[in-house]
Amino acid sequence: MPNSVEIGAAFDVLAACRRAKLKVATAESCTGGLVAAALTEIPGSSDVVERGFVTYSNEAKEQMLAVSPALIRAFGAVSEPVARAMADGALNRSHADLTVAITGVAGPGGGTVEKPVGLVHFGVARRGRATQASYRIFGGDRAAVRRQAVEYALNLLLDAAIKP
């Protein structure tokens with residue numbers, strides 16, 4: 001169940017997308033659909049939320065979002081190029097105008113020196129614009145990392161929806 005911060009951010013995203021007449025899709029790995037859940041927790045969200053892709057495995061990223069296996073081999077699933085490719089894939093494989101992608105290491109295991117637990121990469125794609133990417137290293141346990149990633153992703157969607 002989304003928390004009050006996520007619900008507030010999701011409400012703002014939906015309102016901004018309605019004003020801009022934008023449909024949204026999500027492409028989520030480490031958040032496992034939590035961004036889509038926050039958006040769809042709000043009644044009436046179906047006029048904005050077009051679909052959500054939960055692509056937890058590399059194979060799912062490749063099959064559902066057309067992320068190149070070579071890209072994953074070269075950079076790893078938790079990387080800026082893969083986050084960008086996921087956002088682009090969600091845009092190309094949906095009727096959405098705006099997408100957000102999330103891929104990271106939520107923990108407690110799986111981290112390395114180069115990719116520590118808490119590292120999350122984000123991609124945001126909007127039709128007619130260059131795809132944006134960013135990353136954050138969040139602290140806390142698995143649940144905290146995932147919650148912070150959801151909040152950050154919602155803020156990215158809001159920024160992309162309101163920028164002319």
# chains A, B, ... in the order shown; residues from 1 in each chain; ligands from 1
$ select_by_dssp --residues "segment 20-127 of chain A" --states "strand (DSSP E or B)" --output "PDB file with N, CA and C atoms, in the first residue's frame"
ATOM      1  N   VAL A  24       0.600   7.843 -19.240  1.00  0.00           N
ATOM      2  CA  VAL A  24       1.826   7.406 -18.577  1.00  0.00           C
ATOM      3  C   VAL A  24       1.936   5.884 -18.588  1.00  0.00           C
ATOM      4  N   ALA A  25       3.168   5.409 -18.746  1.00  0.00           N
ATOM      5  CA  ALA A  25       3.491   3.993 -18.552  1.00  0.00           C
ATOM      6  C   ALA A  25       4.729   3.911 -17.668  1.00  0.00           C
ATOM      7  N   THR A  26       4.835   2.830 -16.923  1.00  0.00           N
ATOM      8  CA  THR A  26       5.995   2.596 -16.070  1.00  0.00           C
ATOM      9  C   THR A  26       6.731   1.353 -16.527  1.00  0.00           C
ATOM     10  N   ALA A  27       8.050   1.349 -16.312  1.00  0.00           N
ATOM     11  CA  ALA A  27       8.897   0.185 -16.576  1.00  0.00           C
ATOM     12  C   ALA A  27       9.728  -0.013 -15.311  1.00  0.00           C
ATOM     13  N   GLU A  28       9.360  -0.992 -14.516  1.00  0.00           N
ATOM     14  CA  GLU A  28       9.955  -1.133 -13.188  1.00  0.00           C
ATOM     15  C   GLU A  28      10.671  -2.466 -13.018  1.00  0.00           C
ATOM     16  N   VAL A  49      -3.045   6.598 -16.555  1.00  0.00           N
ATOM     17  CA  VAL A  49      -2.153   5.427 -16.541  1.00  0.00           C
ATOM     18  C   VAL A  49      -2.530   4.499 -17.679  1.00  0.00           C
ATOM     19  N   GLU A  50      -1.591   4.317 -18.599  1.00  0.00           N
ATOM     20  CA  GLU A  50      -1.833   3.487 -19.779  1.00  0.00           C
ATOM     21  C   GLU A  50      -1.459   2.026 -19.497  1.00  0.00           C
ATOM     22  N   ARG A  51      -0.307   1.808 -18.878  1.00  0.00           N
ATOM     23  CA  ARG A  51       0.111   0.443 -18.502  1.00  0.00           C
ATOM     24  C   ARG A  51       1.380   0.493 -17.682  1.00  0.00           C
ATOM     25  N   GLY A  52       1.690  -0.652 -17.095  1.00  0.00           N
ATOM     26  CA  GLY A  52       2.930  -0.802 -16.348  1.00  0.00           C
ATOM     27  C   GLY A  52       3.619  -2.088 -16.744  1.00  0.00           C
ATOM     28  N   PHE A  53       4.925  -2.010 -16.880  1.00  0.00           N
ATOM     29  CA  PHE A  53       5.751  -3.182 -17.178  1.00  0.00           C
ATOM     30  C   PHE A  53       6.575  -3.487 -15.930  1.00  0.00           C
ATOM     31  N   VAL A  54       6.457  -4.698 -15.408  1.00  0.00           N
ATOM     32  CA  VAL A  54       7.342  -5.135 -14.334  1.00  0.00           C
ATOM     33  C   VAL A  54       8.335  -6.077 -14.981  1.00  0.00           C
ATOM     34  N   LEU A  98       4.480   9.473 -21.884  1.00  0.00           N
ATOM     35  CA  LEU A  98       5.487   9.722 -20.866  1.00  0.00           C
ATOM     36  C   LEU A  98       5.735   8.426 -20.108  1.00  0.00           C
ATOM     37  N   THR A  99       7.019   8.090 -19.930  1.00  0.00           N
ATOM     38  CA  THR A  99       7.348   6.865 -19.207  1.00  0.00           C
ATOM     39  C   THR A  99       8.455   7.124 -18.187  1.00  0.00           C
ATOM     40  N   VAL A 100       8.461   6.308 -17.159  1.00  0.00           N
ATOM     41  CA  VAL A 100       9.562   6.301 -16.210  1.00  0.00           C
ATOM     42  C   VAL A 100      10.042   4.863 -16.068  1.00  0.00           C
ATOM     43  N   ALA A 101      11.368   4.704 -15.982  1.00  0.00           N
ATOM     44  CA  ALA A 101      11.972   3.385 -15.809  1.00  0.00           C
ATOM     45  C   ALA A 101      12.842   3.404 -14.558  1.00  0.00           C
ATOM     46  N   ILE A 102      12.848   2.283 -13.855  1.00  0.00           N
ATOM     47  CA  ILE A 102      13.608   2.164 -12.608  1.00  0.00           C
ATOM     48  C   ILE A 102      14.338   0.825 -12.611  1.00  0.00           C
ATOM     49  N   THR A 103      15.645   0.853 -12.361  1.00  0.00           N
ATOM     50  CA  THR A 103      16.431  -0.369 -12.232  1.00  0.00           C
ATOM     51  C   THR A 103      17.513  -0.129 -11.190  1.00  0.00           C
ATOM     52  N   GLY A 104      17.619  -1.033 -10.217  1.00  0.00           N
ATOM     53  CA  GLY A 104      18.577  -0.786  -9.150  1.00  0.00           C
ATOM     54  C   GLY A 104      18.870  -2.001  -8.306  1.00  0.00           C
ATOM     55  N   LEU A 119      21.851   1.740  -4.961  1.00  0.00           N
ATOM     56  CA  LEU A 119      22.020   2.418  -6.254  1.00  0.00           C
ATOM     57  C   LEU A 119      20.807   2.142  -7.138  1.00  0.00           C
ATOM     58  N   VAL A 120      20.174   3.198  -7.601  1.00  0.00           N
ATOM     59  CA  VAL A 120      19.015   3.062  -8.483  1.00  0.00           C
ATOM     60  C   VAL A 120      19.168   4.036  -9.649  1.00  0.00           C
ATOM     61  N   HIS A 121      19.026   3.501 -10.855  1.00  0.00           N
ATOM     62  CA  HIS A 121      19.056   4.315 -12.073  1.00  0.00           C
ATOM     63  C   HIS A 121      17.628   4.524 -12.561  1.00  0.00           C
ATOM     64  N   PHE A 122      17.391   5.711 -13.104  1.00  0.00           N
ATOM     65  CA  PHE A 122      16.073   6.106 -13.596  1.00  0.00           C
ATOM     66  C   PHE A 122      16.185   6.606 -15.026  1.00  0.00           C
ATOM     67  N   GLY A 123      15.170   6.316 -15.818  1.00  0.00           N
ATOM     68  CA  GLY A 123      15.052   6.886 -17.150  1.00  0.00           C
ATOM     69  C   GLY A 123      13.668   7.492 -17.288  1.00  0.00           C
ATOM     70  N   VAL A 124      13.587   8.612 -17.992  1.00  0.00           N
ATOM     71  CA  VAL A 124      12.301   9.255 -18.259  1.00  0.00           C
ATOM     72  C   VAL A 124      12.257   9.588 -19.739  1.00  0.00           C
ATOM     73  N   ALA A 125      11.218   9.097 -20.400  1.00  0.00           N
ATOM     74  CA  ALA A 125      11.047   9.358 -21.830  1.00  0.00           C
ATOM     75  C   ALA A 125       9.702  10.036 -22.061  1.00  0.00           C
ATOM     76  N   ARG A 126       9.726  11.046 -22.904  1.00  0.00           N
ATOM     77  CA  ARG A 126       8.494  11.720 -23.309  1.00  0.00           C
ATOM     78  C   ARG A 126       8.552  11.899 -24.820  1.00  0.00           C
TER      79      ARG A 126
END
$ residues_around --residues "Ser68 of chain A" --least-positions-apart "6" --cutoff "12 Å" --atoms "only C-alpha atoms" --output "ChimeraX atom specification"
/A:58-62,74-77,81-86,88-89
$ residues_around --residues "Val117 of chain A" --least-positions-apart "5" --cutoff "6 Å" --atoms "only C-alpha atoms" --output "list of chain:residue names"
A:Val105, A:Ala106, A:Gly107, A:Gly111
$ residues_around --residues "Asp47 of chain A" --least-positions-apart "4" --cutoff "10 Å" --atoms "only C-alpha atoms" --output "list in words"
Leu14, Cys17, Arg18, Lys21, Leu22, Lys23, Val24 and Pro43 of chain A
$ closest_residue --among "A:Val35, A:Arg147, A:Leu91, A:Arg129" --to "Val13 of chain A" --atoms "only C-alpha atoms"
A:Val35
$ residues_around --residues "Ala149 of chain A" --least-positions-apart "2" --cutoff "8 Å" --atoms "only C-alpha atoms" --output "ChimeraX atom specification"
/A:31,102,120,138,145-147,151-153
$ residues_around --residues "Lys163 of chain A" --least-positions-apart "4" --cutoff "10 Å" --atoms "only C-alpha atoms" --output "list in words"
Ala16, Ala20, Leu158 and Asp159 of chain A
$ atom_distance --atom1 "atom CA of Tyr135 of chain A" --atom2 "atom CA of Leu156 of chain A"
11.2 Å
